[in-house]
Amino acid sequence: MKNKFRIKAAALALAAAGGLFGVADAMAQAKEIFVPVLVYRTGPYAPNGVPWADGFVDYLKLVNERDGGVNGVKIAFEECETGYATDRGVECYERLKSKKPVAFSPLSTGITYALTDKVPNDHIVLITAGYGRADSVDGSVFRWNFPMLGTYWDGADILVQHVKTKGSLKGKKIALVYHDSPYGKEPIPVLEALAKKEGFKLLELPVTHPGVEQKATWLQIRQQRPDYVFLWGWGVMNSTAIKEAIAVGYPRLQMYGVWWAAAEPDVLPAEQAAKGYNGLALGHSAENDKPIHKDMMKYLYSKGKGTAAKKEEVGQVLYNRGMISAILTVESIRTAQAHFGKGVMTGDQVRWGAEHLNIDNARIKQLGVAGMMQPVHTSCADHGGSHAALIHTWDGEHWSYTSGLYHADYKLLRPMVEASARKYAQEKGITPVDCSKEK
Amino acid sequence: MIYRETGQFKTTYASDQQLFPILQDRVFVIAFLVFAFVGVPLFASEYFFRAILTPFLILALAALGLNILVGYCGQLSLGTGGFMAVGAYAAYNLAVRLPDLNLLVVFVLAGLCSTAVGALFGIPSLRIKGFYLAVTTLAAQFFIDWMFARIGWFTNNSSSGSVSAPPLVVFGHLIQGPVEKYLFVLAIVSVFALLAKNLTRGAIGRSWMATRDMDVAAEVIGIRPLHAKLTAFAVSSFYVGLAGALWAFIYLGSWEPLAFDVNRSFELLFMVIIGGLGSILGSFLGAAFIVILPLALNQLPTALGIPLSTATISEIELMVFGALIVFFLIAEPRGLARLWSIGKEKLRLWPFPH
């Protein structure tokens with residue numbers, strides 16, 4: 001008996017060692033394109049991480065089930081849990097790297113920062129839809145980063161544009177309540193520049209990870225009475241902030257969340273009291289009746305193959321964003337295939353595809369996401385492809401759009417992007433490529 | 001029979017005073033080093049180097065530093081993460097502001113910066129002891145965290161607060177690729193581990209241990225507590241700072257203060273406790289336990305072909321890991337290093353145990 005146990009233990013240890021040494025990983029599938037999925041389904045960021053991951057994985061599944069892959073090439077994928085921790089994210093990246101992935105979407109600005117140094121050596125595309133480094137819009141320096149849909153600098157500029165429509169900002173006070181991490185600090189330079197330009201005063205109020213303790217922050221808000229609060233939070237920090245705002249009696253109408261602080265997990269814990277809370281919508285809100293959602297139901301959920309635990313999750317804000325991230329990844333592969341031939345693509349080829357994306361309104365309609373996405377046209381000079389967003393407001397039960405579409409002001413942002421990218425290139429010893437010569 | 005010192009006569013002072021007086025130990029250590037330097041690079045995969053060996057070695061160095069303070073000198077510290085951060089940011093600032101400086105010099109200077117900060121926060125240890133000291137070092141942790149997150153100068157006014165290491169050039173050679181990085185870290189860790197081994201058995205080490213065992217008695221026999229405690233803080237912080245610089249430059253490449261938060265301090269303290277207080281080997285075993293075991297647990301279900309969801313796997317990882325910590329501490333409260341020495345004792349008698 002004892003021996004049997006020992007043999008079992010030894011087998012387990014061997015299997016673990018095999019996994020660690022990457023023995024099993026060596027067998028790469030030949031006719032598949034591998035797309036790794038970095039997720040966080042546990043920890044303080046799980047309420048927001050789960051719907052995003054479900055949307056991402058569901059779209060990859062849908063492409064395999066409905067279309068038989070991208071032009072006949074199936075997509076293989078594997079999840080890896082990062083817990084939103086940078087070191088664990090780097091470990092996941094190293095673990096999945098051996099399977100020849102073409103594109104990573106880490107869903108964490110901190111992990112994006114860490115991977116930005118690694119992807120050029122490994123020839124893997126980094127698609128950061130709606131997060132990541134704002135300066136990586138400049139593709140001449142950041143060859144492998146694609147902050148598609150919009151960066152935090154876009155978001156900061158659009159929020160200021162929006163509150164400006166309610167009256168001049170001269171002499172007003174705007175408080176930025178932010179997650180004290182690269183993610184939360186990212187918009188600060190743009191807000192500072194705008195504060196100078198528009199004449200408002202910026203209060204910077206950091207909240208330490210994970211953000212469940214914000215009493216001091218909101219006390220300051222009660223004292224200072226800012227005219228607007230911009231919330232740059234993630235995970236439990238968002239719902240806590242909204243609850244604290246209610247506790248100190250700060251009007252939700254004057255609160256604006258970035259697109260990561262404007263989804264169901266953020267407002268639902270506060271229920272009706274969150275009514276009137278506004279947030280940026282990254283081109284989409286909680287649409288759940290588009291053709292793509294019907295396909296999700298038809299091909300996945302009716303057959304019990306869906307990823308989400310509950311059907312109702314399909315079409316939530318973050319689910320849609322995860323899905324659109326996957327769409328951008330798949331479209332990059334498709335664009336590459338159109339240029340290089342319809343087979344298995346390498347990282348270099350997908351990078352070309354991501355840099356030559358041309359998702360126009362007709363294509364958006366074909367994809368079944370009409371009205372959920374702005375056209376994305378990427379190029380070497382602009383790896384973002386789209387810099388627009390609108391505002392949606394929580395009415396206690398639903399999100400609904402309450403503004404028109406805003407475009408980020410690149411007259412202001414472009415010089416900042418270039419200056420920041422140049423600084424990075426200098427620190428890293430990178431020679432920027434000449435975008436006018438790129439085809 | 002296998003591990004037996006019978007017949008090894010020490011005929012000179014030098015042979016009696018050497019680092020590993022028993023032949024088997026010497027052979028084992030040399031064989032192990034040869035294996036680590038030559039054998040491992042021959043067969044290990046890139047993932048193994050980048051995600052397991054490199055972080056393991058760097059955290060082992062940090063644990064070694066903490067072990068000097070907690071295990072050898074008996075001064076409880078919860079500021080290790082902060083001292084690592086000092087090393088990391090000092091190295092970053094030196095490398096960015098003085099780009100001509102040799103990287104090895106940068107690392108040593110970063111260690112020295114951490115030494116200075118460590119000695120400064122060590123001063124209260126002359127008056128306060130035990131848990132109270134732990135609280136003051138915790139204050140150091142939070143202060144240092146705050147400092148690097150808030151004062152723009154330290155991060156070269158990086159807008160996101162995240163900084164990234166410049167290319168690693170040593171003597172005109174660019175260190176890149178997993179094997180080179182591993183060998184670089186291994187060389188540094190080997191040198192400093194041997195140094196620590198030497199230090200702890202010498203006069204300084206004995207004064208630390210005397211202070212740990214009973215500080216009043218140590219004072220009576222002529223050990224200056226100021227000297228003993230501050231040197232322990234200084235040496236420990238040097239190791240920890242050096243490890244912080246390596247962690248930032250070699251492993252992460254780009255980091256924010258969160259990489260060195262209080263959880264890192266706890267993690268290192270657990271390494272030292274599980275590995276074995278007051279043992280060089282224990283620091284390595286503890287680091288292996290804390291770094292490698294969760295990754296192995298996380299990958300075990302997939303390797304065995306058991307289909308489990310990502311969330312379930314990471315919950316199981318946490319539960320099994322916690323249970324194993326409890327199990328090991330019950331089975332051997334003096335740490336994994338003690339298990340090793342029990343093993344050696346058994347080998348000594350084998351095959352005729354009495």
# chains A, B, ... in the order shown; residues from 1 in each chain; ligands from 1
call {"tool": "interface_residues", "arguments": {"of": "chain B", "to": "chain A", "cutoff": "8 Å", "atoms": "only C-alpha atoms", "output": "JSON, numbers by chain"}}
result
{"B": [44, 45, 46, 47, 48, 50, 51, 96, 159, 160, 161, 162, 164, 165, 166, 167, 252, 253, 254, 255, 256, 258, 259, 295, 296, 297, 299, 300, 303, 304, 310, 311, 314, 315]}
call {"tool": "select_by_dssp", "arguments": {"residues": "region 135-251 of chain B", "states": "strand (DSSP E)", "output": "PyMOL selection string"}}
result
chain B and resi 163-164+169-170+173-174
call {"tool": "residues_around", "arguments": {"residues": "Val125 (chain A)", "least_positions_apart": "6", "cutoff": "9 Å", "atoms": "only C-alpha atoms", "output": "PDB file with C-alpha atoms, in the first residue's frame"}}
result
ATOM      1  CA  PRO A 101       1.887  32.074 -29.853  1.00  0.00           C
ATOM      2  CA  VAL A 102       1.213  34.897 -32.288  1.00  0.00           C
ATOM      3  CA  ALA A 103      -0.385  37.484 -30.016  1.00  0.00           C
ATOM      4  CA  PHE A 104      -0.795  38.153 -26.324  1.00  0.00           C
ATOM      5  CA  SER A 105      -3.534  40.229 -24.684  1.00  0.00           C
ATOM      6  CA  VAL A 119       8.042  40.741 -27.235  1.00  0.00           C
ATOM      7  CA  ARG A 143       6.991  47.775 -33.243  1.00  0.00           C
ATOM      8  CA  TRP A 144       5.120  45.000 -31.436  1.00  0.00           C
ATOM      9  CA  ASN A 145       2.620  46.890 -29.254  1.00  0.00           C
ATOM     10  CA  PHE A 146      -0.882  47.613 -30.520  1.00  0.00           C
ATOM     11  CA  GLY A 347       4.368  36.269 -35.112  1.00  0.00           C
ATOM     12  CA  ASP A 348       6.109  38.420 -37.710  1.00  0.00           C
ATOM     13  CA  VAL A 350       0.620  38.696 -37.619  1.00  0.00           C
ATOM     14  CA  ARG A 351       2.510  41.843 -36.686  1.00  0.00           C
ATOM     15  CA  ALA A 354      -2.006  44.094 -36.990  1.00  0.00           C
TER      16      ALA A 354
END
call {"tool": "residues_around", "arguments": {"residues": "Leu138 (chain B)", "least_positions_apart": "5", "cutoff": "10 Å", "atoms": "only C-alpha atoms", "output": "number ranges by chain"}}
result
B: 77-82, 132-133, 143-144, 262, 265
call {"tool": "residues_around", "arguments": {"residues": "region 288-291 of chain B", "least_positions_apart": "2", "cutoff": "9 Å", "atoms": "only C-alpha atoms", "output": "VMD selection string"}}
result
chain B and resid 52 55 to 57 59 to 60 267 to 268 270 to 271 274 to 275 283 to 286 293 to 295 321
call {"tool": "decode", "arguments": {"residues": "region 20-139 of chain A", "atoms": "C-alpha atoms", "output": "mmCIF file, in the first residue's frame"}}
result
data_model
loop_
_atom_site.group_PDB
_atom_site.id
_atom_site.type_symbol
_atom_site.label_atom_id
_atom_site.label_comp_id
_atom_site.auth_asym_id
_atom_site.auth_seq_id
_atom_site.Cartn_x
_atom_site.Cartn_y
_atom_site.Cartn_z
ATOM 1 C CA LEU A 20 8.001 22.583 -15.715
ATOM 2 C CA PHE A 21 10.719 21.433 -18.053
ATOM 3 C CA GLY A 22 8.387 21.968 -20.933
ATOM 4 C CA VAL A 23 8.594 18.397 -22.193
ATOM 5 C CA ALA A 24 4.920 18.309 -23.105
ATOM 6 C CA ASP A 25 5.130 21.772 -24.631
ATOM 7 C CA ALA A 26 7.653 20.670 -27.198
ATOM 8 C CA MET A 27 4.934 19.013 -29.257
ATOM 9 C CA ALA A 28 3.624 22.014 -31.115
ATOM 10 C CA GLN A 29 0.512 21.547 -33.173
ATOM 11 C CA ALA A 30 1.219 21.970 -36.827
ATOM 12 C CA LYS A 31 -2.083 23.082 -38.314
ATOM 13 C CA GLU A 32 -3.196 25.493 -35.635
ATOM 14 C CA ILE A 33 -2.534 29.056 -34.633
ATOM 15 C CA PHE A 34 -1.923 29.381 -30.937
ATOM 16 C CA VAL A 35 -3.492 32.315 -29.080
ATOM 17 C CA PRO A 36 -2.653 32.417 -25.372
ATOM 18 C CA VAL A 37 -5.181 33.939 -22.985
ATOM 19 C CA LEU A 38 -3.859 35.633 -19.862
ATOM 20 C CA VAL A 39 -6.747 35.832 -17.422
ATOM 21 C CA TYR A 40 -7.544 36.480 -13.815
ATOM 22 C CA ARG A 41 -10.404 34.448 -12.551
ATOM 23 C CA THR A 42 -9.375 34.674 -8.894
ATOM 24 C CA GLY A 43 -8.420 37.482 -6.540
ATOM 25 C CA PRO A 44 -9.686 41.035 -6.037
ATOM 26 C CA TYR A 45 -9.857 41.737 -9.777
ATOM 27 C CA ALA A 46 -11.796 38.594 -10.653
ATOM 28 C CA PRO A 47 -15.261 40.258 -10.852
ATOM 29 C CA ASN A 48 -13.965 42.231 -13.826
ATOM 30 C CA GLY A 49 -11.450 39.716 -15.127
ATOM 31 C CA VAL A 50 -13.939 36.865 -15.509
ATOM 32 C CA PRO A 51 -16.380 38.434 -18.024
ATOM 33 C CA TRP A 52 -13.516 39.752 -20.129
ATOM 34 C CA ALA A 53 -11.865 36.327 -20.233
ATOM 35 C CA ASP A 54 -15.179 34.626 -21.042
ATOM 36 C CA GLY A 55 -15.813 37.002 -23.927
ATOM 37 C CA PHE A 56 -12.320 36.503 -25.301
ATOM 38 C CA VAL A 57 -12.425 32.720 -25.114
ATOM 39 C CA ASP A 58 -15.993 32.535 -26.417
ATOM 40 C CA TYR A 59 -15.070 34.418 -29.567
ATOM 41 C CA LEU A 60 -12.128 32.105 -30.253
ATOM 42 C CA LYS A 61 -14.430 29.135 -29.715
ATOM 43 C CA LEU A 62 -17.034 30.693 -31.986
ATOM 44 C CA VAL A 63 -14.531 31.164 -34.790
ATOM 45 C CA ASN A 64 -13.589 27.488 -34.521
ATOM 46 C CA GLU A 65 -17.173 26.225 -34.241
ATOM 47 C CA ARG A 66 -18.912 28.473 -36.726
ATOM 48 C CA ASP A 67 -16.231 29.134 -39.342
ATOM 49 C CA GLY A 68 -13.960 26.168 -38.781
ATOM 50 C CA GLY A 69 -11.132 28.491 -37.817
ATOM 51 C CA VAL A 70 -9.606 31.464 -39.595
ATOM 52 C CA ASN A 71 -9.579 30.553 -43.273
ATOM 53 C CA GLY A 72 -9.547 26.904 -42.299
ATOM 54 C CA VAL A 73 -6.777 27.205 -39.711
ATOM 55 C CA LYS A 74 -8.123 26.374 -36.263
ATOM 56 C CA ILE A 75 -7.222 28.494 -33.304
ATOM 57 C CA ALA A 76 -5.718 26.733 -30.330
ATOM 58 C CA PHE A 77 -5.805 28.579 -27.044
ATOM 59 C CA GLU A 78 -4.839 28.098 -23.432
ATOM 60 C CA GLU A 79 -5.643 30.155 -20.375
ATOM 61 C CA CYS A 80 -3.103 31.124 -17.787
ATOM 62 C CA GLU A 81 -4.056 32.703 -14.484
ATOM 63 C CA THR A 82 -2.097 35.847 -13.642
ATOM 64 C CA GLY A 83 -4.125 37.189 -10.722
ATOM 65 C CA TYR A 84 -3.318 40.666 -12.174
ATOM 66 C CA ALA A 85 0.191 40.256 -10.700
ATOM 67 C CA THR A 86 3.057 41.317 -12.924
ATOM 68 C CA ASP A 87 5.513 38.583 -11.934
ATOM 69 C CA ARG A 88 2.925 35.881 -12.403
ATOM 70 C CA GLY A 89 1.993 37.383 -15.754
ATOM 71 C CA VAL A 90 5.611 37.227 -16.865
ATOM 72 C CA GLU A 91 5.733 33.589 -15.759
ATOM 73 C CA CYS A 92 2.595 32.839 -17.809
ATOM 74 C CA TYR A 93 4.137 34.539 -20.799
ATOM 75 C CA GLU A 94 7.269 32.410 -20.509
ATOM 76 C CA ARG A 95 5.185 29.286 -20.016
ATOM 77 C CA LEU A 96 3.007 29.838 -23.081
ATOM 78 C CA LYS A 97 5.792 31.179 -25.239
ATOM 79 C CA SER A 98 7.054 27.721 -26.125
ATOM 80 C CA LYS A 99 3.801 26.983 -27.949
ATOM 81 C CA LYS A 100 4.614 29.542 -30.626
ATOM 82 C CA PRO A 101 1.887 32.074 -29.853
ATOM 83 C CA VAL A 102 1.213 34.897 -32.288
ATOM 84 C CA ALA A 103 -0.385 37.484 -30.016
ATOM 85 C CA PHE A 104 -0.795 38.153 -26.324
ATOM 86 C CA SER A 105 -3.534 40.229 -24.684
ATOM 87 C CA PRO A 106 -2.443 40.503 -21.053
ATOM 88 C CA LEU A 107 -5.348 42.659 -19.779
ATOM 89 C CA SER A 108 -3.043 44.462 -17.385
ATOM 90 C CA THR A 109 -1.070 47.602 -17.989
ATOM 91 C CA GLY A 110 1.587 46.453 -15.500
ATOM 92 C CA ILE A 111 2.099 43.166 -17.361
ATOM 93 C CA THR A 112 2.060 45.090 -20.658
ATOM 94 C CA TYR A 113 4.928 47.222 -19.403
ATOM 95 C CA ALA A 114 6.894 44.127 -18.435
ATOM 96 C CA LEU A 115 6.200 42.322 -21.713
ATOM 97 C CA THR A 116 6.938 45.340 -23.907
ATOM 98 C CA ASP A 117 10.649 44.663 -23.425
ATOM 99 C CA LYS A 118 10.292 40.971 -24.171
ATOM 100 C CA VAL A 119 8.042 40.741 -27.235
ATOM 101 C CA PRO A 120 10.483 42.247 -29.765
ATOM 102 C CA ASN A 121 12.987 39.456 -29.032
ATOM 103 C CA ASP A 122 10.368 36.746 -29.169
ATOM 104 C CA HIS A 123 8.457 38.144 -32.165
ATOM 105 C CA ILE A 124 5.056 38.086 -30.509
ATOM 106 C CA VAL A 125 2.397 40.749 -31.031
ATOM 107 C CA LEU A 126 1.022 42.513 -27.963
ATOM 108 C CA ILE A 127 -2.566 43.610 -28.569
ATOM 109 C CA THR A 128 -3.758 45.818 -25.738
ATOM 110 C CA ALA A 129 -7.268 46.893 -26.668
ATOM 111 C CA GLY A 130 -8.220 49.782 -24.430
ATOM 112 C CA TYR A 131 -5.237 49.605 -22.065
ATOM 113 C CA GLY A 132 -1.441 49.420 -22.105
ATOM 114 C CA ARG A 133 1.085 52.112 -22.822
ATOM 115 C CA ALA A 134 -0.410 55.213 -24.401
ATOM 116 C CA ASP A 135 2.870 56.079 -26.106
ATOM 117 C CA SER A 136 2.935 52.708 -27.878
ATOM 118 C CA VAL A 137 0.584 54.289 -30.424
ATOM 119 C CA ASP A 138 3.870 55.294 -32.038
ATOM 120 C CA GLY A 139 4.668 52.165 -34.040
#
